[in-house]
Amino acid sequence: MRTLPPLALAAALAGTLLLTACDDDGAGTDDVKNADRPTTSACAIGDMGVQVGAGAAPAAGDTGNVTVTLTNQGARCALKGFPAVDLVAADSTASVPADKAAQAAKAESLTLAKDGTASFTITYVRGEASGPRSLPVRKVSFGLPGATATHDVKWSYGPVALKGDAGEPDASVSAFQAAGD
């Protein structure tokens with residue numbers, strides 16, 4: 001049987017120990033070892049720059065899109081799910097449901113670094129001016145998941161059609177999508 005010189009044996013042992021001490025970056029099941037790693041907190045609307053662009057519906061019955069782009073001006077944060085969007089009229093407020101196709105596909109979570117951007121789109125059907133099946137929207141109010149604060153934007157895209165017996169807005173909101181480069 002062949003034996004290794006003591007120096008070679010020590011080097012081999014040190015190499016083995018070094019390799020077994022490497023971090024698996026959380027791939028293991030040891031939650032205790034990963035417990036002190038920083039997590040990304042939910043984005044706050046107060047840390048966001050807001051820009052609104054619209055492809056307004058020109059006439060009653062037409063479909064329009066209002067895209068809201070958010071730019072993170074704070075620390076790294078996460079957007080998970082859908083924004084909460086309300087259409088506000090003089091005497092009522094109507095919540096805009098999440099787009100059914102996007103819900104079925106499960107909205108992805110986005111992590112935004114400082115100056116990172118994300119957007120969401122409100123799609124709506126324009127209603128008739130002063131029509132009984134229309135909501136005369138004056139502003140849109142939206143909030144981010146995991147936060148209670150909201151941001152209001154003036155709505156200048158005409159009334160929104162109502163559908164169903166409960167008078168729900170004929171509108172939907174998309175999930176957050178990465179924007180920019």
# chains A, B, ... in the order shown; residues from 1 in each chain; ligands from 1

$ residues_around --residues "Val173 in chain A" --least-positions-apart "2" --cutoff "8 Å" --atoms "only C-alpha atoms" --output "PDB file with C-alpha atoms, in the first residue's frame"
ATOM      1  CA  PHE A  82     -51.624  43.350  -8.395  1.00  0.00           C
ATOM      2  CA  PRO A  83     -52.125  47.007  -7.524  1.00  0.00           C
ATOM      3  CA  VAL A  85     -57.186  50.343  -8.065  1.00  0.00           C
ATOM      4  CA  VAL A  96     -61.252  47.639 -10.503  1.00  0.00           C
ATOM      5  CA  PRO A  97     -60.768  43.854 -10.576  1.00  0.00           C
ATOM      6  CA  ALA A  98     -57.524  42.185 -11.596  1.00  0.00           C
ATOM      7  CA  ASP A  99     -57.344  40.973 -15.178  1.00  0.00           C
ATOM      8  CA  PHE A 120     -49.406  48.280 -14.748  1.00  0.00           C
ATOM      9  CA  THR A 121     -52.285  48.995 -17.111  1.00  0.00           C
ATOM     10  CA  ILE A 122     -55.907  49.831 -16.443  1.00  0.00           C
ATOM     11  CA  THR A 123     -58.052  48.728 -19.382  1.00  0.00           C
ATOM     12  CA  ALA A 171     -62.484  47.685 -16.448  1.00  0.00           C
ATOM     13  CA  ALA A 175     -50.266  42.666 -12.944  1.00  0.00           C
TER      14      ALA A 175
END

$ select_by_dssp --residues "range 110-145 of chain A" --states "strand (DSSP E or B)" --output "tab-separated table (two decimals) with C-alpha atoms, in the first residue's frame"
chain	number	residue	atom	x	y	z
A	110	LEU	CA	-40.73	41.99	-9.29
A	111	THR	CA	-37.77	43.31	-7.35
A	112	LEU	CA	-36.97	46.94	-8.07
A	117	THR	CA	-39.24	50.76	-13.13
A	118	ALA	CA	-42.42	48.73	-13.33
A	119	SER	CA	-45.81	49.43	-14.82
A	120	PHE	CA	-49.41	48.28	-14.75
A	121	THR	CA	-52.28	48.99	-17.11
A	122	ILE	CA	-55.91	49.83	-16.44
A	123	THR	CA	-58.05	48.73	-19.38
A	124	TYR	CA	-61.57	50.20	-19.50
A	125	VAL	CA	-64.61	50.61	-21.73
A	126	ARG	CA	-65.75	54.19	-22.11
A	134	SER	CA	-71.71	54.94	-16.71
A	135	LEU	CA	-69.49	56.02	-13.83
A	139	LYS	CA	-59.81	60.33	-10.27
A	140	VAL	CA	-58.17	56.95	-9.98
A	141	SER	CA	-56.65	55.91	-6.67
A	142	PHE	CA	-54.16	53.06	-6.47
A	143	GLY	CA	-52.11	51.34	-3.82

$ atom_distance --atom1 "CA of Ala179 in chain A" --atom2 "CA of Thr69 in chain A"
7.6 Å

$ atom_distance --atom1 "CA of Ser109 in chain A" --atom2 "CA of Ala147 in chain A"
15.2 Å

$ closest_residue --among "A:Asp86, A:Asp152, A:Asp170, A:Asp47" --to "Arg133 in chain A" --atoms "only C-alpha atoms"
A:Asp170

$ atom_distance --atom1 "CA of Ala94 in chain A" --atom2 "CA of Lys106 in chain A"
23.5 Å

$ closest_residue --among "A:Pro159, A:Gly74, A:Pro132, A:Gly49" --to "Asp62 in chain A" --atoms "only C-alpha atoms"
A:Pro159

$ closest_residue --among "A:Gly146, A:Arg138, A:His151, A:Ala178" --to "Leu87 in chain A" --atoms "only C-alpha atoms"
A:Arg138

$ closest_residue --among "A:Gly131, A:Gly116, A:Pro145, A:Pro136" --to "Asn72 in chain A" --atoms "only C-alpha atoms"
A:Gly116

$ residues_around --residues "Ala75 in chain A" --least-positions-apart "6" --cutoff "12 Å" --atoms "only C-alpha atoms" --output "list of chain:residue names"
A:Thr39, A:Thr40, A:Ser41, A:Ala42, A:Cys43, A:Ala44, A:Gly46, A:Asp47, A:Met48, A:Thr111, A:Leu112, A:Ala113, A:Lys114, A:Asp115, A:Gly116

$ closest_residue --among "A:Ala60, A:Val137, A:Leu70, A:Ala149" --to "Ala90 in chain A" --atoms "only C-alpha atoms"
A:Val137

$ closest_residue --among "A:Leu144, A:Ala166, A:Ala161, A:Ala56" --to "Glu128 in chain A" --atoms "only C-alpha atoms"
A:Ala161

$ select_by_dssp --residues "range 55-161 of chain A" --states "alpha helix (DSSP H)" --output "PyMOL selection string"
chain A and resi 100-105

$ closest_atom_pairs --of "range 44-77 of chain A" --to "range 154-157 of chain A" --cutoff "12 Å" --atoms "only C-alpha atoms" --output "CSV"
residue,atom,partner,partner_atom,distance
A:Gln51,CA,A:Lys154,CA,11.9
A:Val52,CA,A:Lys154,CA,9.9
A:Gly53,CA,A:Tyr157,CA,10.9
A:Ala54,CA,A:Tyr157,CA,8.2
A:Gly55,CA,A:Tyr157,CA,8.9
A:Ala56,CA,A:Tyr157,CA,5.7
A:Ala57,CA,A:Tyr157,CA,7.1
A:Pro58,CA,A:Tyr157,CA,8.4
A:Ala59,CA,A:Tyr157,CA,10.0
A:Ala60,CA,A:Tyr157,CA,11.0
A:Asp62,CA,A:Tyr157,CA,11.4
A:Thr63,CA,A:Tyr157,CA,10.9
A:Gly64,CA,A:Tyr157,CA,8.3
A:Asn65,CA,A:Tyr157,CA,9.4
A:Val66,CA,A:Tyr157,CA,8.7

$ decode --residues "range 20-173 of chain A" --atoms "C-alpha atoms" --output "PDB file, in the first residue's frame"
ATOM      1  CA  THR A  20     -17.308  21.229   2.720  1.00  0.00           C
ATOM      2  CA  ALA A  21     -17.415  24.650   4.384  1.00  0.00           C
ATOM      3  CA  CYS A  22     -18.652  26.405   1.216  1.00  0.00           C
ATOM      4  CA  ASP A  23     -22.045  28.099   1.403  1.00  0.00           C
ATOM      5  CA  ASP A  24     -24.726  26.525  -0.772  1.00  0.00           C
ATOM      6  CA  ASP A  25     -26.494  29.937  -1.054  1.00  0.00           C
ATOM      7  CA  GLY A  26     -29.656  28.642   0.540  1.00  0.00           C
ATOM      8  CA  ALA A  27     -30.017  25.579  -1.623  1.00  0.00           C
ATOM      9  CA  GLY A  28     -30.074  23.369   1.473  1.00  0.00           C
ATOM     10  CA  THR A  29     -32.872  22.926   3.921  1.00  0.00           C
ATOM     11  CA  ASP A  30     -31.176  24.618   6.863  1.00  0.00           C
ATOM     12  CA  ASP A  31     -33.422  27.665   7.426  1.00  0.00           C
ATOM     13  CA  VAL A  32     -31.449  28.726  10.493  1.00  0.00           C
ATOM     14  CA  LYS A  33     -28.354  29.425   8.419  1.00  0.00           C
ATOM     15  CA  ASN A  34     -30.382  31.654   6.072  1.00  0.00           C
ATOM     16  CA  ALA A  35     -32.449  33.388   8.750  1.00  0.00           C
ATOM     17  CA  ASP A  36     -30.171  36.413   8.988  1.00  0.00           C
ATOM     18  CA  ARG A  37     -30.111  37.120   5.237  1.00  0.00           C
ATOM     19  CA  PRO A  38     -31.781  40.410   4.324  1.00  0.00           C
ATOM     20  CA  THR A  39     -35.157  40.195   2.612  1.00  0.00           C
ATOM     21  CA  THR A  40     -36.608  42.718   0.210  1.00  0.00           C
ATOM     22  CA  SER A  41     -39.472  44.709   1.702  1.00  0.00           C
ATOM     23  CA  ALA A  42     -42.639  45.730  -0.097  1.00  0.00           C
ATOM     24  CA  CYS A  43     -42.415  48.880  -2.199  1.00  0.00           C
ATOM     25  CA  ALA A  44     -43.971  52.026  -0.712  1.00  0.00           C
ATOM     26  CA  ILE A  45     -45.885  54.466  -2.897  1.00  0.00           C
ATOM     27  CA  GLY A  46     -44.089  57.375  -1.200  1.00  0.00           C
ATOM     28  CA  ASP A  47     -40.802  56.091  -2.642  1.00  0.00           C
ATOM     29  CA  MET A  48     -42.155  55.926  -6.195  1.00  0.00           C
ATOM     30  CA  GLY A  49     -42.120  58.399  -9.026  1.00  0.00           C
ATOM     31  CA  VAL A  50     -45.410  58.088 -10.931  1.00  0.00           C
ATOM     32  CA  GLN A  51     -46.011  58.717 -14.643  1.00  0.00           C
ATOM     33  CA  VAL A  52     -49.313  58.151 -16.414  1.00  0.00           C
ATOM     34  CA  GLY A  53     -49.771  57.597 -20.136  1.00  0.00           C
ATOM     35  CA  ALA A  54     -53.050  56.881 -21.843  1.00  0.00           C
ATOM     36  CA  GLY A  55     -54.494  55.537 -25.011  1.00  0.00           C
ATOM     37  CA  ALA A  56     -57.883  57.017 -24.147  1.00  0.00           C
ATOM     38  CA  ALA A  57     -61.057  55.555 -25.597  1.00  0.00           C
ATOM     39  CA  PRO A  58     -62.413  58.177 -28.028  1.00  0.00           C
ATOM     40  CA  ALA A  59     -66.123  57.288 -27.873  1.00  0.00           C
ATOM     41  CA  ALA A  60     -68.663  55.370 -25.795  1.00  0.00           C
ATOM     42  CA  GLY A  61     -68.179  51.620 -26.213  1.00  0.00           C
ATOM     43  CA  ASP A  62     -64.503  51.957 -27.179  1.00  0.00           C
ATOM     44  CA  THR A  63     -61.724  50.402 -25.110  1.00  0.00           C
ATOM     45  CA  GLY A  64     -58.962  52.523 -23.641  1.00  0.00           C
ATOM     46  CA  ASN A  65     -55.768  51.860 -21.698  1.00  0.00           C
ATOM     47  CA  VAL A  66     -54.152  53.907 -18.960  1.00  0.00           C
ATOM     48  CA  THR A  67     -50.599  52.818 -18.155  1.00  0.00           C
ATOM     49  CA  VAL A  68     -49.045  53.791 -14.838  1.00  0.00           C
ATOM     50  CA  THR A  69     -45.248  53.619 -14.674  1.00  0.00           C
ATOM     51  CA  LEU A  70     -43.578  53.540 -11.271  1.00  0.00           C
ATOM     52  CA  THR A  71     -39.909  54.433 -10.740  1.00  0.00           C
ATOM     53  CA  ASN A  72     -38.365  53.342  -7.455  1.00  0.00           C
ATOM     54  CA  GLN A  73     -36.633  56.301  -5.825  1.00  0.00           C
ATOM     55  CA  GLY A  74     -35.947  54.476  -2.546  1.00  0.00           C
ATOM     56  CA  ALA A  75     -34.201  51.331  -1.403  1.00  0.00           C
ATOM     57  CA  ARG A  76     -34.531  47.971  -3.162  1.00  0.00           C
ATOM     58  CA  CYS A  77     -38.134  46.741  -2.829  1.00  0.00           C
ATOM     59  CA  ALA A  78     -40.583  44.168  -4.160  1.00  0.00           C
ATOM     60  CA  LEU A  79     -43.926  44.322  -5.972  1.00  0.00           C
ATOM     61  CA  LYS A  80     -45.938  41.140  -5.564  1.00  0.00           C
ATOM     62  CA  GLY A  81     -49.338  40.623  -7.134  1.00  0.00           C
ATOM     63  CA  PHE A  82     -51.624  43.350  -8.395  1.00  0.00           C
ATOM     64  CA  PRO A  83     -52.125  47.007  -7.524  1.00  0.00           C
ATOM     65  CA  ALA A  84     -55.361  47.928  -5.746  1.00  0.00           C
ATOM     66  CA  VAL A  85     -57.186  50.343  -8.065  1.00  0.00           C
ATOM     67  CA  ASP A  86     -60.331  52.357  -7.335  1.00  0.00           C
ATOM     68  CA  LEU A  87     -62.239  54.590  -9.742  1.00  0.00           C
ATOM     69  CA  VAL A  88     -63.603  57.557  -7.800  1.00  0.00           C
ATOM     70  CA  ALA A  89     -66.659  59.564  -8.877  1.00  0.00           C
ATOM     71  CA  ALA A  90     -68.309  62.459  -7.015  1.00  0.00           C
ATOM     72  CA  ASP A  91     -70.598  60.203  -4.982  1.00  0.00           C
ATOM     73  CA  SER A  92     -69.224  56.662  -5.355  1.00  0.00           C
ATOM     74  CA  THR A  93     -66.107  54.546  -5.651  1.00  0.00           C
ATOM     75  CA  ALA A  94     -65.717  51.342  -7.645  1.00  0.00           C
ATOM     76  CA  SER A  95     -62.863  48.860  -7.304  1.00  0.00           C
ATOM     77  CA  VAL A  96     -61.252  47.639 -10.503  1.00  0.00           C
ATOM     78  CA  PRO A  97     -60.768  43.854 -10.576  1.00  0.00           C
ATOM     79  CA  ALA A  98     -57.524  42.185 -11.596  1.00  0.00           C
ATOM     80  CA  ASP A  99     -57.344  40.973 -15.178  1.00  0.00           C
ATOM     81  CA  LYS A 100     -58.664  37.384 -15.173  1.00  0.00           C
ATOM     82  CA  ALA A 101     -56.042  36.080 -17.603  1.00  0.00           C
ATOM     83  CA  ALA A 102     -53.237  37.592 -15.517  1.00  0.00           C
ATOM     84  CA  GLN A 103     -54.725  36.093 -12.344  1.00  0.00           C
ATOM     85  CA  ALA A 104     -54.889  32.665 -13.953  1.00  0.00           C
ATOM     86  CA  ALA A 105     -51.259  32.952 -15.076  1.00  0.00           C
ATOM     87  CA  LYS A 106     -50.242  34.084 -11.559  1.00  0.00           C
ATOM     88  CA  ALA A 107     -48.632  37.496 -11.373  1.00  0.00           C
ATOM     89  CA  GLU A 108     -44.858  37.452 -11.093  1.00  0.00           C
ATOM     90  CA  SER A 109     -43.007  39.159  -8.273  1.00  0.00           C
ATOM     91  CA  LEU A 110     -40.729  41.989  -9.293  1.00  0.00           C
ATOM     92  CA  THR A 111     -37.772  43.313  -7.348  1.00  0.00           C
ATOM     93  CA  LEU A 112     -36.966  46.941  -8.071  1.00  0.00           C
ATOM     94  CA  ALA A 113     -33.538  48.381  -7.406  1.00  0.00           C
ATOM     95  CA  LYS A 114     -33.176  52.134  -6.976  1.00  0.00           C
ATOM     96  CA  ASP A 115     -34.281  53.774 -10.259  1.00  0.00           C
ATOM     97  CA  GLY A 116     -35.868  50.497 -11.394  1.00  0.00           C
ATOM     98  CA  THR A 117     -39.244  50.765 -13.133  1.00  0.00           C
ATOM     99  CA  ALA A 118     -42.415  48.734 -13.331  1.00  0.00           C
ATOM    100  CA  SER A 119     -45.810  49.434 -14.820  1.00  0.00           C
ATOM    101  CA  PHE A 120     -49.406  48.280 -14.748  1.00  0.00           C
ATOM    102  CA  THR A 121     -52.285  48.995 -17.111  1.00  0.00           C
ATOM    103  CA  ILE A 122     -55.907  49.831 -16.443  1.00  0.00           C
ATOM    104  CA  THR A 123     -58.052  48.728 -19.382  1.00  0.00           C
ATOM    105  CA  TYR A 124     -61.565  50.196 -19.500  1.00  0.00           C
ATOM    106  CA  VAL A 125     -64.609  50.611 -21.726  1.00  0.00           C
ATOM    107  CA  ARG A 126     -65.745  54.192 -22.112  1.00  0.00           C
ATOM    108  CA  GLY A 127     -69.307  54.868 -21.028  1.00  0.00           C
ATOM    109  CA  GLU A 128     -71.856  57.347 -22.326  1.00  0.00           C
ATOM    110  CA  ALA A 129     -71.670  60.871 -20.945  1.00  0.00           C
ATOM    111  CA  SER A 130     -74.341  61.208 -18.236  1.00  0.00           C
ATOM    112  CA  GLY A 131     -75.566  57.703 -19.058  1.00  0.00           C
ATOM    113  CA  PRO A 132     -77.261  55.583 -16.369  1.00  0.00           C
ATOM    114  CA  ARG A 133     -74.787  52.719 -17.023  1.00  0.00           C
ATOM    115  CA  SER A 134     -71.713  54.945 -16.708  1.00  0.00           C
ATOM    116  CA  LEU A 135     -69.492  56.017 -13.828  1.00  0.00           C
ATOM    117  CA  PRO A 136     -68.373  59.663 -14.157  1.00  0.00           C
ATOM    118  CA  VAL A 137     -64.844  59.029 -12.889  1.00  0.00           C
ATOM    119  CA  ARG A 138     -62.936  62.052 -11.542  1.00  0.00           C
ATOM    120  CA  LYS A 139     -59.806  60.329 -10.274  1.00  0.00           C
ATOM    121  CA  VAL A 140     -58.169  56.947  -9.985  1.00  0.00           C
ATOM    122  CA  SER A 141     -56.650  55.909  -6.666  1.00  0.00           C
ATOM    123  CA  PHE A 142     -54.160  53.064  -6.472  1.00  0.00           C
ATOM    124  CA  GLY A 143     -52.108  51.337  -3.822  1.00  0.00           C
ATOM    125  CA  LEU A 144     -49.268  48.854  -3.842  1.00  0.00           C
ATOM    126  CA  PRO A 145     -49.451  45.341  -2.356  1.00  0.00           C
ATOM    127  CA  GLY A 146     -48.402  45.168   1.280  1.00  0.00           C
ATOM    128  CA  ALA A 147     -48.903  48.907   1.810  1.00  0.00           C
ATOM    129  CA  THR A 148     -51.811  51.031   3.030  1.00  0.00           C
ATOM    130  CA  ALA A 149     -50.959  54.384   1.403  1.00  0.00           C
ATOM    131  CA  THR A 150     -52.497  55.268  -1.954  1.00  0.00           C
ATOM    132  CA  HIS A 151     -51.733  57.649  -4.794  1.00  0.00           C
ATOM    133  CA  ASP A 152     -54.417  59.639  -6.634  1.00  0.00           C
ATOM    134  CA  VAL A 153     -54.313  60.666 -10.282  1.00  0.00           C
ATOM    135  CA  LYS A 154     -56.826  62.899 -12.052  1.00  0.00           C
ATOM    136  CA  TRP A 155     -58.948  60.913 -14.529  1.00  0.00           C
ATOM    137  CA  SER A 156     -59.537  62.812 -17.761  1.00  0.00           C
ATOM    138  CA  TYR A 157     -60.446  59.891 -20.004  1.00  0.00           C
ATOM    139  CA  GLY A 158     -64.246  60.106 -19.842  1.00  0.00           C
ATOM    140  CA  PRO A 159     -66.852  58.066 -17.989  1.00  0.00           C
ATOM    141  CA  VAL A 160     -66.345  54.326 -17.500  1.00  0.00           C
ATOM    142  CA  ALA A 161     -69.087  51.929 -18.589  1.00  0.00           C
ATOM    143  CA  LEU A 162     -70.758  49.790 -15.918  1.00  0.00           C
ATOM    144  CA  LYS A 163     -71.677  46.135 -16.319  1.00  0.00           C
ATOM    145  CA  GLY A 164     -73.693  43.575 -14.395  1.00  0.00           C
ATOM    146  CA  ASP A 165     -76.525  44.119 -11.944  1.00  0.00           C
ATOM    147  CA  ALA A 166     -74.169  45.423  -9.259  1.00  0.00           C
ATOM    148  CA  GLY A 167     -72.903  48.191 -11.533  1.00  0.00           C
ATOM    149  CA  GLU A 168     -69.311  46.996 -11.626  1.00  0.00           C
ATOM    150  CA  PRO A 169     -66.915  49.013 -13.784  1.00  0.00           C
ATOM    151  CA  ASP A 170     -66.190  47.523 -17.185  1.00  0.00           C
ATOM    152  CA  ALA A 171     -62.484  47.685 -16.448  1.00  0.00           C
ATOM    153  CA  SER A 172     -59.561  45.548 -15.292  1.00  0.00           C
ATOM    154  CA  VAL A 173     -56.019  46.059 -14.029  1.00  0.00           C
TER     155      VAL A 173
END
